[in-house]
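Peer 1: For reference, this is entry27.cif, and it has mmCIF, C-alpha atoms.
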```cif
data_my_file
#
loop_
_atom_site.label_atom_id
_atom_site.label_comp_id
_atom_site.auth_asym_id
_atom_site.auth_seq_id
_atom_site.Cartn_x
_atom_site.Cartn_y
_atom_site.Cartn_z
CA MET A 1 90.85 55.55 151.17
CA THR A 2 91.22 55.79 147.39
CA ARG A 3 88.78 58.67 147.47
CA LEU A 4 90.82 60.46 150.11
CA LEU A 5 94.01 60.02 148.08
CA THR A 6 92.24 61.36 145.00
CA LEU A 7 91.14 64.41 146.93
CA ILE A 8 94.64 65.01 148.25
CA ALA A 9 96.06 64.60 144.75
CA ALA A 10 93.49 67.04 143.36
CA ALA A 11 94.29 69.58 146.08
CA PHE A 12 97.98 69.17 145.37
CA LEU A 13 97.51 69.74 141.65
CA LEU A 14 95.39 72.81 142.35
CA ILE A 15 98.25 74.31 144.34
CA ALA A 16 101.11 72.92 142.29
CA GLY A 17 99.73 74.09 138.94
CA PRO A 18 100.22 77.80 139.54
CA LEU A 19 103.42 77.16 141.52
CA ALA A 20 104.92 75.17 138.68
CA ALA A 21 104.21 77.98 136.22
CA GLN A 22 105.68 80.67 138.49
CA ASP A 23 108.94 82.15 137.31
CA ASP A 24 111.19 83.72 139.92
CA SER A 25 112.84 85.92 137.31
CA TYR A 26 109.77 88.16 137.33
CA GLY A 27 110.45 89.43 140.86
CA GLN A 28 108.04 91.97 142.39
CA GLN A 29 105.50 93.57 140.06
CA LYS A 30 102.66 96.07 140.07
CA ALA A 31 100.18 96.25 137.21
CA VAL A 32 97.01 98.13 136.36
CA TYR A 33 94.59 96.59 133.87
CA HIS A 34 92.57 99.11 131.89
CA ILE A 35 89.02 97.95 131.14
CA ASN A 36 86.88 100.44 129.19
CA PHE A 37 85.51 98.19 126.47
CA ASP A 38 82.24 96.46 125.85
CA GLY A 39 82.94 92.78 126.56
CA MET A 40 79.80 91.64 124.77
CA SER A 41 80.43 93.00 121.32
CA GLY A 42 84.18 93.50 121.70
CA THR A 43 86.99 91.82 123.58
CA SER A 44 85.63 89.32 126.05
CA TYR A 45 85.69 90.05 129.77
CA ARG A 46 86.41 86.39 130.49
CA SER A 47 89.57 86.57 128.43
CA ALA A 48 90.69 89.71 130.27
CA MET A 49 90.09 88.09 133.66
CA GLY A 50 92.03 85.04 132.44
CA ASN A 51 94.95 87.36 131.59
CA VAL A 52 94.96 88.68 135.16
CA GLN A 53 94.92 85.15 136.64
CA ASN A 54 97.75 84.04 134.32
CA HIS A 55 99.71 87.09 135.38
CA ILE A 56 99.34 86.17 139.06
CA ASN A 57 100.21 82.53 138.37
CA ALA A 58 103.41 83.54 136.59
CA VAL A 59 104.63 86.01 139.21
CA GLY A 60 103.10 84.60 142.38
CA ALA A 61 100.25 86.25 144.30
CA GLU A 62 102.66 87.31 147.05
CA ASN A 63 104.85 89.15 144.53
CA ILE A 64 102.29 91.25 142.70
CA GLU A 65 99.82 94.08 143.27
CA ILE A 66 97.11 94.32 140.63
CA ALA A 67 94.34 96.86 140.15
CA VAL A 68 91.62 96.57 137.52
CA VAL A 69 90.35 100.05 136.61
CA MET A 70 86.93 100.13 134.97
CA HIS A 71 85.29 103.13 133.31
CA GLY A 72 82.86 103.81 130.47
CA ASP A 73 81.69 100.62 128.81
CA GLY A 74 84.13 98.74 131.05
CA LEU A 75 81.64 98.78 133.93
CA GLY A 76 79.87 96.17 131.81
CA LEU A 77 82.30 93.68 133.39
CA LEU A 78 80.55 93.95 136.76
CA MET A 79 77.12 94.23 135.11
CA ALA A 80 77.69 91.06 133.10
CA ALA A 81 78.90 89.31 136.27
CA LYS A 82 75.51 89.84 137.94
CA ASP A 83 74.10 87.05 135.76
CA ASP A 84 77.25 85.08 134.96
CA ASP A 85 78.32 82.45 137.50
CA GLY A 86 81.62 81.79 135.73
CA LEU A 87 82.55 85.47 135.80
CA GLN A 88 81.54 85.72 139.48
CA THR A 89 83.83 82.82 140.36
CA ARG A 90 86.68 84.38 138.40
CA ILE A 91 86.27 87.82 139.99
CA GLY A 92 85.86 86.32 143.47
CA GLY A 93 89.01 84.27 142.96
CA LEU A 94 90.99 87.33 141.85
CA LYS A 95 89.74 89.39 144.81
CA SER A 96 90.85 86.60 147.17
CA GLN A 97 94.32 87.11 145.65
CA ASN A 98 94.12 90.84 146.51
CA VAL A 99 93.23 92.14 143.05
CA ARG A 100 91.35 95.43 143.47
CA PHE A 101 88.43 96.27 141.17
CA LEU A 102 88.10 100.06 140.93
CA ILE A 103 84.98 101.75 139.59
CA CYS A 104 84.89 105.21 137.95
CA ASN A 105 82.50 107.58 139.70
CA ASN A 106 82.17 109.74 136.58
CA THR A 107 80.72 106.75 134.77
CA LEU A 108 78.37 105.89 137.65
CA GLU A 109 77.00 109.45 137.64
CA GLY A 110 77.09 110.05 133.88
CA ARG A 111 75.23 106.84 133.11
CA ASP A 112 73.07 106.79 136.24
CA ILE A 113 74.41 103.40 137.38
CA ALA A 114 73.94 102.29 141.01
CA LEU A 115 76.41 100.06 142.85
CA ASP A 116 73.51 97.57 143.15
CA ASP A 117 73.61 97.22 139.37
CA LEU A 118 77.17 95.88 139.66
CA TYR A 119 78.41 92.55 141.03
CA ASP A 120 79.98 92.77 144.50
CA ALA A 121 80.65 96.54 144.27
CA TRP A 122 81.10 98.71 147.36
CA ASP A 123 81.67 102.36 148.19
CA GLU A 124 85.35 101.79 148.85
CA ASP A 125 85.78 100.44 145.29
CA VAL A 126 84.70 103.77 143.77
CA VAL A 127 87.37 106.20 142.52
CA PRO A 128 86.62 109.80 141.41
CA SER A 129 87.82 109.22 137.84
CA GLY A 130 88.94 106.07 136.08
CA VAL A 131 91.42 107.82 133.78
CA ALA A 132 92.91 109.95 136.55
CA GLU A 133 93.31 106.74 138.58
CA LEU A 134 95.18 105.12 135.66
CA SER A 135 97.67 108.00 135.70
CA LYS A 136 97.94 107.98 139.50
CA LEU A 137 98.69 104.26 139.62
CA GLN A 138 101.28 104.51 136.84
CA GLN A 139 102.93 107.39 138.71
CA ASP A 140 102.93 105.08 141.76
CA GLY A 141 104.96 102.51 139.80
CA TYR A 142 102.20 100.37 138.33
CA THR A 143 102.84 99.08 134.82
CA TYR A 144 99.98 99.49 132.32
CA ILE A 145 98.23 96.70 130.48
CA LYS A 146 95.30 97.15 128.13
CA PRO A 147 93.90 93.65 127.63
CA MET B 1 125.17 102.77 82.35
CA THR B 2 121.76 104.39 82.77
CA ARG B 3 120.61 101.18 84.41
CA LEU B 4 123.53 101.24 86.80
CA LEU B 5 122.81 104.83 87.76
CA THR B 6 119.16 103.95 88.34
CA LEU B 7 120.20 101.10 90.61
CA ILE B 8 122.57 103.33 92.57
CA ALA B 9 119.87 105.98 92.89
CA ALA B 10 117.36 103.37 94.11
CA ALA B 11 119.82 102.03 96.67
CA PHE B 12 120.53 105.56 97.84
CA LEU B 13 116.83 106.33 98.27
CA LEU B 14 116.32 103.08 100.16
CA ILE B 15 118.99 104.12 102.66
CA ALA B 16 118.34 107.84 102.66
CA GLY B 17 114.58 107.54 103.20
CA PRO B 18 114.77 106.24 106.76
CA LEU B 19 117.83 108.36 107.53
CA ALA B 20 116.12 111.54 106.42
CA ALA B 21 113.12 110.80 108.62
CA GLN B 22 115.28 110.16 111.69
CA ASP B 23 115.02 112.83 114.35
CA ASP B 24 117.90 113.17 116.78
CA SER B 25 115.65 114.74 119.39
CA TYR B 26 114.25 111.29 120.17
CA GLY B 27 117.50 110.09 121.73
CA GLN B 28 117.68 106.55 123.13
CA GLN B 29 114.39 104.66 123.46
CA LYS B 30 113.01 101.31 124.59
CA ALA B 31 109.51 100.20 123.63
CA VAL B 32 107.35 97.12 124.03
CA TYR B 33 104.53 96.56 121.55
CA HIS B 34 101.57 94.63 122.95
CA ILE B 35 99.92 92.33 120.42
CA ASN B 36 96.95 90.33 121.74
CA PHE B 37 94.41 91.00 119.04
CA ASP B 38 93.05 89.10 116.10
CA GLY B 39 94.62 90.76 113.09
CA MET B 40 92.16 89.16 110.67
CA SER B 41 88.91 90.51 112.03
CA GLY B 42 90.37 93.41 114.01
CA THR B 43 93.36 95.70 113.70
CA SER B 44 95.68 94.52 110.98
CA TYR B 45 99.01 92.89 111.81
CA ARG B 46 100.58 94.59 108.79
CA SER B 47 99.66 97.97 110.16
CA ALA B 48 101.16 97.09 113.56
CA MET B 49 104.40 95.92 111.94
CA GLY B 50 104.45 99.14 109.92
CA ASN B 51 104.22 101.09 113.19
CA VAL B 52 107.29 99.27 114.52
CA GLN B 53 109.28 100.00 111.35
CA ASN B 54 108.27 103.67 111.40
CA HIS B 55 109.33 103.84 115.02
CA ILE B 56 112.78 102.48 114.15
CA ASN B 57 113.10 104.82 111.17
CA ALA B 58 112.33 107.84 113.34
CA VAL B 59 114.70 106.98 116.18
CA GLY B 60 117.39 105.02 114.37
CA ALA B 61 117.94 101.28 114.79
CA GLU B 62 121.08 101.90 116.84
CA ASN B 63 119.12 104.03 119.32
CA ILE B 64 116.20 101.77 120.14
CA GLU B 65 115.40 98.42 121.74
CA ILE B 66 112.02 97.00 120.74
CA ALA B 67 110.21 93.90 121.92
CA VAL B 68 106.93 92.66 120.45
CA VAL B 69 105.03 90.64 123.07
CA MET B 70 102.37 88.32 121.69
CA HIS B 71 99.76 86.44 123.71
CA GLY B 72 96.19 85.19 123.23
CA ASP B 73 94.86 86.00 119.77
CA GLY B 74 98.09 87.91 119.17
CA LEU B 75 99.93 84.69 118.29
CA GLY B 76 97.87 84.95 115.12
CA LEU B 77 100.58 87.33 113.88
CA LEU B 78 103.08 84.48 113.53
CA MET B 79 100.37 82.08 112.33
CA ALA B 80 99.29 84.46 109.59
CA ALA B 81 102.94 84.96 108.60
CA LYS B 82 103.28 81.24 107.77
CA ASP B 83 101.31 81.88 104.56
CA ASP B 84 101.97 85.58 104.01
CA ASP B 85 105.15 86.51 102.15
CA GLY B 86 104.70 90.22 102.83
CA LEU B 87 104.41 89.64 106.56
CA GLN B 88 107.44 87.31 106.50
CA THR B 89 109.53 90.00 104.83
CA ARG B 90 108.36 92.59 107.34
CA ILE B 91 109.07 90.37 110.38
CA GLY B 92 112.43 89.29 108.98
CA GLY B 93 113.37 92.90 108.36
CA LEU B 94 112.43 93.89 111.92
CA LYS B 95 114.39 90.97 113.39
CA SER B 96 117.44 92.06 111.39
CA GLN B 97 117.08 95.40 113.21
CA ASN B 98 117.12 93.55 116.57
CA VAL B 99 113.40 93.59 117.27
CA ARG B 100 112.57 90.63 119.53
CA PHE B 101 109.32 88.69 119.01
CA LEU B 102 108.29 87.13 122.34
CA ILE B 103 105.71 84.34 122.55
CA CYS B 104 103.54 83.62 125.62
CA ASN B 105 103.93 80.07 126.87
CA ASN B 106 100.53 80.17 128.61
CA THR B 107 98.92 80.70 125.21
CA LEU B 108 100.99 77.93 123.59
CA GLU B 109 99.88 75.48 126.27
CA GLY B 110 96.31 76.73 126.71
CA ARG B 111 95.58 76.61 122.98
CA ASP B 112 97.79 73.62 122.17
CA ILE B 113 99.89 75.56 119.67
CA ALA B 114 103.32 74.21 118.62
CA LEU B 115 106.24 76.42 117.64
CA ASP B 116 106.02 74.75 114.22
CA ASP B 117 102.62 76.39 113.79
CA LEU B 118 104.31 79.81 114.02
CA TYR B 119 106.60 81.57 111.53
CA ASP B 120 110.30 81.52 112.50
CA ALA B 121 109.61 80.80 116.21
CA TRP B 122 112.23 79.26 118.49
CA ASP B 123 112.51 78.09 122.08
CA GLU B 124 114.42 81.21 123.08
CA ASP B 125 111.49 83.38 121.91
CA VAL B 126 109.13 81.81 124.45
CA VAL B 127 108.40 83.66 127.71
CA PRO B 128 106.47 82.13 130.63
CA SER B 129 103.65 84.70 130.46
CA GLY B 130 102.96 87.47 127.97
CA VAL B 131 101.32 89.80 130.50
CA ALA B 132 103.99 89.25 133.15
CA GLU B 133 106.59 90.01 130.46
CA LEU B 134 104.79 93.28 129.64
CA SER B 135 105.13 94.34 133.27
CA LYS B 136 108.73 93.15 133.50
CA LEU B 137 109.78 95.10 130.42
CA GLN B 138 108.01 98.26 131.61
CA GLN B 139 109.75 97.93 134.97
CA ASP B 140 112.99 97.61 132.98
CA GLY B 141 112.33 101.02 131.39
CA TYR B 142 110.45 100.00 128.25
CA THR B 143 107.65 102.34 127.22
CA TYR B 144 104.33 100.68 126.34
CA ILE B 145 102.56 100.90 123.00
CA LYS B 146 99.34 99.10 122.14
CA PRO B 147 99.04 99.38 118.35
CA MET C 1 65.57 139.65 138.03
CA THR C 2 64.59 135.98 138.12
CA ARG C 3 66.27 135.59 134.77
CA LEU C 4 69.47 137.17 136.06
CA LEU C 5 69.49 134.89 139.11
CA THR C 6 68.98 131.89 136.85
CA LEU C 7 71.93 132.96 134.70
CA ILE C 8 74.15 133.44 137.73
CA ALA C 9 73.09 130.04 139.08
CA ALA C 10 73.83 128.42 135.72
CA ALA C 11 77.25 130.06 135.56
CA PHE C 12 77.97 128.92 139.11
CA LEU C 13 77.01 125.33 138.32
CA LEU C 14 79.20 125.39 135.21
CA ILE C 15 82.20 126.37 137.32
CA ALA C 16 81.32 124.40 140.45
CA GLY C 17 80.69 121.13 138.62
CA PRO C 18 84.29 120.47 137.63
CA LEU C 19 85.59 122.00 140.86
CA ALA C 20 83.38 119.76 142.98
CA ALA C 21 84.60 116.68 141.13
CA GLN C 22 88.27 117.60 141.53
CA ASP C 23 90.15 115.41 143.97
CA ASP C 24 93.30 116.83 145.55
CA SER C 25 94.66 113.35 146.16
CA TYR C 26 95.57 113.10 142.48
CA GLY C 27 98.30 115.74 142.75
CA GLN C 28 100.30 116.64 139.63
CA GLN C 29 99.89 114.40 136.60
CA LYS C 30 101.10 114.01 133.02
CA ALA C 31 99.27 111.80 130.55
CA VAL C 32 99.49 110.91 126.89
CA TYR C 33 96.37 109.65 125.12
CA HIS C 34 97.05 107.31 122.22
CA ILE C 35 94.58 107.70 119.36
CA ASN C 36 95.19 105.40 116.37
CA PHE C 37 91.73 104.00 115.84
CA ASP C 38 88.92 104.66 113.43
CA GLY C 39 86.33 106.52 115.48
CA MET C 40 83.60 105.93 112.92
CA SER C 41 83.51 102.16 112.86
CA GLY C 42 85.31 101.59 116.16
CA THR C 43 85.59 103.39 119.47
CA SER C 44 84.03 106.83 119.25
CA TYR C 45 86.20 109.96 119.17
CA ARG C 46 83.61 111.81 121.25
CA SER C 47 83.96 109.27 124.01
CA ALA C 48 87.76 109.60 123.95
CA MET C 49 87.55 113.40 124.14
CA GLY C 50 85.09 113.04 127.02
CA ASN C 51 87.68 110.89 128.82
CA VAL C 52 90.26 113.66 128.47
CA GLN C 53 87.85 116.29 129.81
CA ASN C 54 86.88 114.06 132.76
CA HIS C 55 90.56 113.55 133.48
CA ILE C 56 91.14 117.32 133.62
CA ASN C 57 88.04 117.85 135.76
CA ALA C 58 89.24 115.27 138.28
CA VAL C 59 92.81 116.54 138.58
CA GLY C 60 92.38 120.25 137.81
CA ALA C 61 93.64 121.92 134.63
CA GLU C 62 96.46 123.60 136.57
CA ASN C 63 97.71 120.21 137.81
CA ILE C 64 97.94 118.24 134.57
CA GLU C 65 99.78 118.18 131.26
CA ILE C 66 98.00 116.18 128.55
CA ALA C 67 99.07 115.33 125.03
CA VAL C 68 96.86 113.54 122.51
CA VAL C 69 99.03 111.67 120.00
CA MET C 70 97.31 110.78 116.74
CA HIS C 71 98.66 108.48 114.04
CA GLY C 72 97.29 106.09 111.43
CA ASP C 73 93.48 105.95 111.48
CA GLY C 74 93.62 108.23 114.52
CA LEU C 75 94.00 111.31 112.30
CA GLY C 76 90.34 110.64 111.58
CA LEU C 77 89.65 112.55 114.80
CA LEU C 78 90.68 115.84 113.21
CA MET C 79 89.13 114.86 109.88
CA ALA C 80 85.78 114.10 111.51
CA ALA C 81 85.98 117.41 113.41
CA LYS C 82 85.99 119.35 110.13
CA ASP C 83 82.26 118.64 109.78
CA ASP C 84 81.28 118.06 113.42
CA ASP C 85 80.44 121.13 115.49
CA GLY C 86 80.24 119.16 118.72
CA LEU C 87 83.70 117.71 118.20
CA GLN C 88 85.08 121.16 117.31
CA THR C 89 83.73 122.60 120.56
CA ARG C 90 85.20 119.71 122.54
CA ILE C 91 88.63 119.98 120.93
CA GLY C 92 88.65 123.77 121.24
CA GLY C 93 87.73 123.47 124.91
CA LEU C 94 90.53 120.99 125.56
CA LYS C 95 93.08 123.17 123.74
CA SER C 96 92.02 126.12 125.90
CA GLN C 97 92.99 123.91 128.87
CA ASN C 98 96.45 123.36 127.32
CA VAL C 99 95.87 119.90 125.87
CA ARG C 100 98.23 119.43 122.92
CA PHE C 101 97.05 117.56 119.81
CA LEU C 102 100.06 116.02 118.09
CA ILE C 103 99.94 114.75 114.50
CA CYS C 104 102.19 112.02 113.08
CA ASN C 105 104.14 113.19 110.03
CA ASN C 106 104.60 109.60 108.80
CA THR C 107 100.83 109.31 108.52
CA LEU C 108 100.52 112.69 106.76
CA GLU C 109 103.09 111.62 104.17
CA GLY C 110 102.09 107.97 103.89
CA ARG C 111 98.43 108.79 103.33
CA ASP C 112 98.95 112.07 101.48
CA ILE C 113 96.97 114.10 104.02
CA ALA C 114 97.37 117.90 104.13
CA LEU C 115 97.01 119.96 107.31
CA ASP C 116 94.08 121.65 105.58
CA ASP C 117 92.27 118.31 105.67
CA LEU C 118 92.40 118.43 109.48
CA TYR C 119 90.53 120.66 111.92
CA ASP C 120 92.65 123.45 113.42
CA ALA C 121 95.98 121.76 112.64
CA TRP C 122 99.25 123.69 112.37
CA ASP C 123 102.88 123.02 111.54
CA GLU C 124 103.87 123.13 115.21
CA ASP C 125 101.42 120.28 115.95
CA VAL C 126 103.28 117.89 113.65
CA VAL C 127 105.71 115.36 115.17
CA PRO C 128 108.07 113.19 113.09
CA SER C 129 106.53 109.91 114.27
CA GLY C 130 103.47 109.23 116.42
CA VAL C 131 104.84 106.04 117.97
CA ALA C 132 108.29 107.53 118.66
CA GLU C 133 106.50 110.47 120.31
CA LEU C 134 104.55 108.05 122.54
CA SER C 135 107.84 106.59 123.77
CA LYS C 136 109.46 110.01 124.17
CA LEU C 137 106.59 111.35 126.25
CA GLN C 138 106.53 108.24 128.46
CA GLN C 139 110.28 108.58 128.98
CA ASP C 140 109.55 112.22 129.95
CA GLY C 141 107.22 111.00 132.73
CA TYR C 142 103.91 110.95 130.92
CA THR C 143 101.58 108.08 131.86
CA TYR C 144 99.98 106.19 128.97
CA ILE C 145 96.27 105.86 128.33
CA LYS C 146 94.75 104.08 125.34
CA PRO C 147 91.09 105.15 125.33
#
```
Could you rewrite the structure in this file as C-alpha cells?
Peer 2:
Amino acid sequence: MTRLLTLIAAAFLLIAGPLAAQDDSYGQQKAVYHINFDGMSGTSYRSAMGNVQNHINAVGAENIEIAVVMHGDGLGLLMAAKDDDGLQTRIGGLKSQNVRFLICNNTLEGRDIALDDLYDAWDEDVVPSGVAELSKLQQDGYTYIKP
Amino acid sequence: MTRLLTLIAAAFLLIAGPLAAQDDSYGQQKAVYHINFDGMSGTSYRSAMGNVQNHINAVGAENIEIAVVMHGDGLGLLMAAKDDDGLQTRIGGLKSQNVRFLICNNTLEGRDIALDDLYDAWDEDVVPSGVAELSKLQQDGYTYIKP
Amino acid sequence: MTRLLTLIAAAFLLIAGPLAAQDDSYGQQKAVYHINFDGMSGTSYRSAMGNVQNHINAVGAENIEIAVVMHGDGLGLLMAAKDDDGLQTRIGGLKSQNVRFLICNNTLEGRDIALDDLYDAWDEDVVPSGVAELSKLQQDGYTYIKP
C-alpha cells in the first residue's frame, strides 16, 4: 500500500512539475531551434535539448509548436544520439510532445551521410535545405532561437 | 578658464558623439539580445554590451526598446559584473537608457543561483523561462540578435 | 567531338545541379545572415558562405533577397578574402546573385579599419551600425540566420 502511494505521488510530481512551472502569460507560441554546431567540441547538445524541454514546460505542450532544424555540424546531434542513451531519451521525449526534428538534405548529400547513421531519422524528416527551412518557418510565424 | 573650456568641450563631445552617429533612417526599433554563452571562455560579455550601446547610439535611446535575455551560462554576465567595475558601469549605463536585463528562473533554480549572486538583480527582472521569453518578445515585435 | 560533348555535359550539370535542388514550396524569401565571429579560430567563413549559396540554390536566386551583415570580428570575412582566392570566388559568385555584403561603420571606426583593408568593399556597402541594420532588416521582413 505504501508502495502504491509512493508510485502515485511520483506520478503526480512528474505531471505537476511541468504544470507548476507553466505560465499562462506566454499564450500560444511557435519556435524554431537552429542547430548547426558541433556539440562535442562546442555547445553541448544535451544543453540545447534541455532548453527545448524547458520551453515546453513553461508554455505547455498544447500551446507550442517547435521544430529543431539541423544542418552542417548540427547533424552530429542525431549521430551522437546513436550511442547516447540519455540523448535518445531526451529526443524521444521531445518527439512525444510533437517536436519535429528536421534534417538538411544538402548536408546528407554533401557529407555522404545516410539516415541509418542518424538516430530515429526517417524520410519525412528530411528537408531540401536547412537554411531555407529556417527562413520558411520564420515566415510562417515561428520565432528563432539559436541555443 | 582653459580648464573650464576643456570640460565643456569634453561634455559636448560626450553628448555629440552618439548624436552624430544616430541615423534617422532606422526609425523605431525593438530588439532582444540573447545571452546564453560563457563570456569567460567564449564570446566576451563586454563586447556584447558594447553591441547594445552601439545599437542605442545608432537608433537613439528614445526610439528603441531593448531587452537582454539571459539563461544558462548567460547568467555569467551578471555574475562576472559582481567583481568587474567596467561591466557594472556598462550595465548601469544601459539600464539608465531603459534596457531591461531579464533573468531565467529555470536557470536560477536548476543551478541553485540566488539573486544575491548576480549584480543588481531584482525579483521583477526574473522571467519564468529565458527561451519562452525570447519567443514571447519576438511575437511582440522584437527583432532577435544573438551577439 | 568527345571533348565537346564532355564540356556540354559539364555545363549542363553545373546549371542543372542547383535547378534540381530548388524546391518551389519555399516561395519568396528574404534572409539576413549575421556574421560577427572570428572565422579563423571559430566557425569558418567558408562554411557560412556555403550556407548562403545552398540557401539560394534551394529557393532560386530570383526568389530570394539576402543580406550578409558583418560587424565586430565578422569583418574578418572580408579581411581573410584579401588573401584567399577561394573565398573571393565565393563572395564574387554570391554578389553576382544579388547578395549584399553590409559593413558596420562602428566597427570600421572603432578598430580603425579602412575599406582598402577589406576585399571588394565600397562606400555604398557601409551601414551606420551592424546591429541596428539587423533589426531594420528584420522589421522589413527579413528572416534571421546566425550561421
Peer 1: Enumerate as a ChimeraX atom specification the residues belonging to chain A that approach chain B to within 7 Å, with all atoms listed in the file taken into account.
Peer 2: /A:26,29,31,51,55,58-59,143
Peer 1: Write out the coordinates of chain B as a short mmCIF file (atom, residue, chain, number, x, y, z; two decimals) with C-alpha atoms, keeping the file's coordinate frame after a least-squares overlay onto chain C built on all ordered Cα pairs.
Peer 2:
```
data_model
loop_
_atom_site.label_atom_id
_atom_site.label_comp_id
_atom_site.auth_asym_id
_atom_site.auth_seq_id
_atom_site.Cartn_x
_atom_site.Cartn_y
_atom_site.Cartn_z
CA MET B 1 65.69 139.65 137.83
CA THR B 2 64.66 136.00 137.94
CA ARG B 3 66.39 135.58 134.60
CA LEU B 4 69.55 137.15 135.93
CA LEU B 5 69.55 134.86 138.94
CA THR B 6 69.05 131.86 136.67
CA LEU B 7 72.02 132.94 134.58
CA ILE B 8 74.20 133.41 137.65
CA ALA B 9 73.13 130.02 138.97
CA ALA B 10 73.91 128.38 135.61
CA ALA B 11 77.34 130.01 135.48
CA PHE B 12 78.01 128.88 139.03
CA LEU B 13 77.05 125.29 138.24
CA LEU B 14 79.23 125.33 135.14
CA ILE B 15 82.23 126.29 137.26
CA ALA B 16 81.34 124.38 140.39
CA GLY B 17 80.66 121.08 138.60
CA PRO B 18 84.26 120.39 137.62
CA LEU B 19 85.59 121.93 140.83
CA ALA B 20 83.42 119.72 142.99
CA ALA B 21 84.61 116.61 141.17
CA GLN B 22 88.28 117.54 141.58
CA ASP B 23 90.17 115.34 144.00
CA ASP B 24 93.31 116.76 145.57
CA SER B 25 94.70 113.30 146.18
CA TYR B 26 95.59 113.07 142.49
CA GLY B 27 98.32 115.70 142.77
CA GLN B 28 100.33 116.62 139.67
CA GLN B 29 99.90 114.39 136.61
CA LYS B 30 101.10 114.02 133.03
CA ALA B 31 99.27 111.80 130.56
CA VAL B 32 99.49 110.94 126.88
CA TYR B 33 96.37 109.67 125.13
CA HIS B 34 97.04 107.33 122.21
CA ILE B 35 94.58 107.72 119.35
CA ASN B 36 95.19 105.42 116.37
CA PHE B 37 91.73 104.03 115.85
CA ASP B 38 88.91 104.66 113.45
CA GLY B 39 86.33 106.52 115.50
CA MET B 40 83.57 105.92 112.96
CA SER B 41 83.52 102.14 112.91
CA GLY B 42 85.30 101.58 116.22
CA THR B 43 85.58 103.41 119.52
CA SER B 44 84.04 106.84 119.29
CA TYR B 45 86.20 109.96 119.19
CA ARG B 46 83.60 111.80 121.28
CA SER B 47 83.95 109.27 124.03
CA ALA B 48 87.76 109.60 123.96
CA MET B 49 87.54 113.39 124.16
CA GLY B 50 85.09 113.01 127.05
CA ASN B 51 87.69 110.88 128.85
CA VAL B 52 90.26 113.66 128.48
CA GLN B 53 87.85 116.28 129.85
CA ASN B 54 86.89 114.05 132.79
CA HIS B 55 90.56 113.54 133.50
CA ILE B 56 91.14 117.30 133.64
CA ASN B 57 88.06 117.83 135.80
CA ALA B 58 89.26 115.26 138.32
CA VAL B 59 92.83 116.53 138.60
CA GLY B 60 92.39 120.22 137.84
CA ALA B 61 93.65 121.90 134.67
CA GLU B 62 96.47 123.58 136.59
CA ASN B 63 97.73 120.20 137.82
CA ILE B 64 97.94 118.23 134.60
CA GLU B 65 99.77 118.18 131.27
CA ILE B 66 98.00 116.19 128.56
CA ALA B 67 99.06 115.35 125.04
CA VAL B 68 96.85 113.56 122.51
CA VAL B 69 99.02 111.70 119.99
CA MET B 70 97.29 110.80 116.74
CA HIS B 71 98.65 108.51 114.03
CA GLY B 72 97.26 106.10 111.42
CA ASP B 73 93.47 105.97 111.49
CA GLY B 74 93.62 108.24 114.53
CA LEU B 75 94.00 111.32 112.31
CA GLY B 76 90.34 110.66 111.60
CA LEU B 77 89.65 112.56 114.83
CA LEU B 78 90.66 115.86 113.24
CA MET B 79 89.10 114.88 109.90
CA ALA B 80 85.77 114.12 111.54
CA ALA B 81 85.96 117.41 113.45
CA LYS B 82 85.98 119.38 110.16
CA ASP B 83 82.24 118.66 109.83
CA ASP B 84 81.28 118.08 113.45
CA ASP B 85 80.43 121.14 115.53
CA GLY B 86 80.23 119.14 118.76
CA LEU B 87 83.70 117.71 118.24
CA GLN B 88 85.07 121.17 117.35
CA THR B 89 83.71 122.59 120.60
CA ARG B 90 85.18 119.71 122.57
CA ILE B 91 88.64 119.99 120.94
CA GLY B 92 88.64 123.77 121.28
CA GLY B 93 87.72 123.48 124.93
CA LEU B 94 90.53 120.98 125.58
CA LYS B 95 93.07 123.17 123.77
CA SER B 96 92.02 126.12 125.93
CA GLN B 97 92.97 123.91 128.90
CA ASN B 98 96.44 123.36 127.34
CA VAL B 99 95.86 119.92 125.89
CA ARG B 100 98.22 119.45 122.93
CA PHE B 101 97.02 117.59 119.82
CA LEU B 102 100.06 116.03 118.09
CA ILE B 103 99.91 114.78 114.50
CA CYS B 104 102.18 112.04 113.07
CA ASN B 105 104.11 113.21 110.03
CA ASN B 106 104.59 109.62 108.80
CA THR B 107 100.81 109.33 108.50
CA LEU B 108 100.49 112.72 106.76
CA GLU B 109 103.06 111.66 104.17
CA GLY B 110 102.07 108.00 103.87
CA ARG B 111 98.39 108.82 103.33
CA ASP B 112 98.91 112.10 101.48
CA ILE B 113 96.93 114.11 104.01
CA ALA B 114 97.33 117.92 104.14
CA LEU B 115 96.98 119.97 107.32
CA ASP B 116 94.05 121.67 105.58
CA ASP B 117 92.23 118.34 105.68
CA LEU B 118 92.37 118.44 109.50
CA TYR B 119 90.50 120.68 111.95
CA ASP B 120 92.62 123.48 113.44
CA ALA B 121 95.96 121.77 112.64
CA TRP B 122 99.22 123.71 112.38
CA ASP B 123 102.85 123.04 111.55
CA GLU B 124 103.84 123.15 115.21
CA ASP B 125 101.39 120.29 115.96
CA VAL B 126 103.26 117.91 113.65
CA VAL B 127 105.70 115.39 115.16
CA PRO B 128 108.05 113.21 113.08
CA SER B 129 106.50 109.93 114.27
CA GLY B 130 103.46 109.26 116.43
CA VAL B 131 104.84 106.06 117.97
CA ALA B 132 108.27 107.55 118.65
CA GLU B 133 106.50 110.49 120.31
CA LEU B 134 104.55 108.07 122.53
CA SER B 135 107.83 106.61 123.77
CA LYS B 136 109.44 110.03 124.16
CA LEU B 137 106.58 111.36 126.25
CA GLN B 138 106.52 108.25 128.46
CA GLN B 139 110.27 108.59 128.98
CA ASP B 140 109.55 112.22 129.94
CA GLY B 141 107.23 111.00 132.73
CA TYR B 142 103.89 110.95 130.92
CA THR B 143 101.59 108.09 131.88
CA TYR B 144 99.99 106.20 128.98
CA ILE B 145 96.27 105.86 128.34
CA LYS B 146 94.74 104.10 125.36
CA PRO B 147 91.08 105.16 125.36
#
```
Peer 1: Between CA of Ile66 in chain C and CA of Lys82 in chain C, measure the distance and give it in Å to one decimal.
Peer 2: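 It comes out at 22.2 Å.
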Peer 1: Which polymer residues have any atom within 10 Å of an atom of Trp122 in chain C, counting all atoms listed in the file, with same-chain residues fewer than 5 positions away left out, as a short mmCIF file (atom, residue, chain, number, x, y, z; two decimals) with C-alpha atoms, in the coordinates of the input?
Peer 2:
```
data_model
loop_
_atom_site.label_atom_id
_atom_site.label_comp_id
_atom_site.auth_asym_id
_atom_site.auth_seq_id
_atom_site.Cartn_x
_atom_site.Cartn_y
_atom_site.Cartn_z
CA PHE C 101 97.05 117.56 119.81
CA LEU C 102 100.06 116.02 118.09
CA ILE C 103 99.94 114.75 114.50
CA LEU C 115 97.01 119.96 107.31
CA ASP C 116 94.08 121.65 105.58
#
```
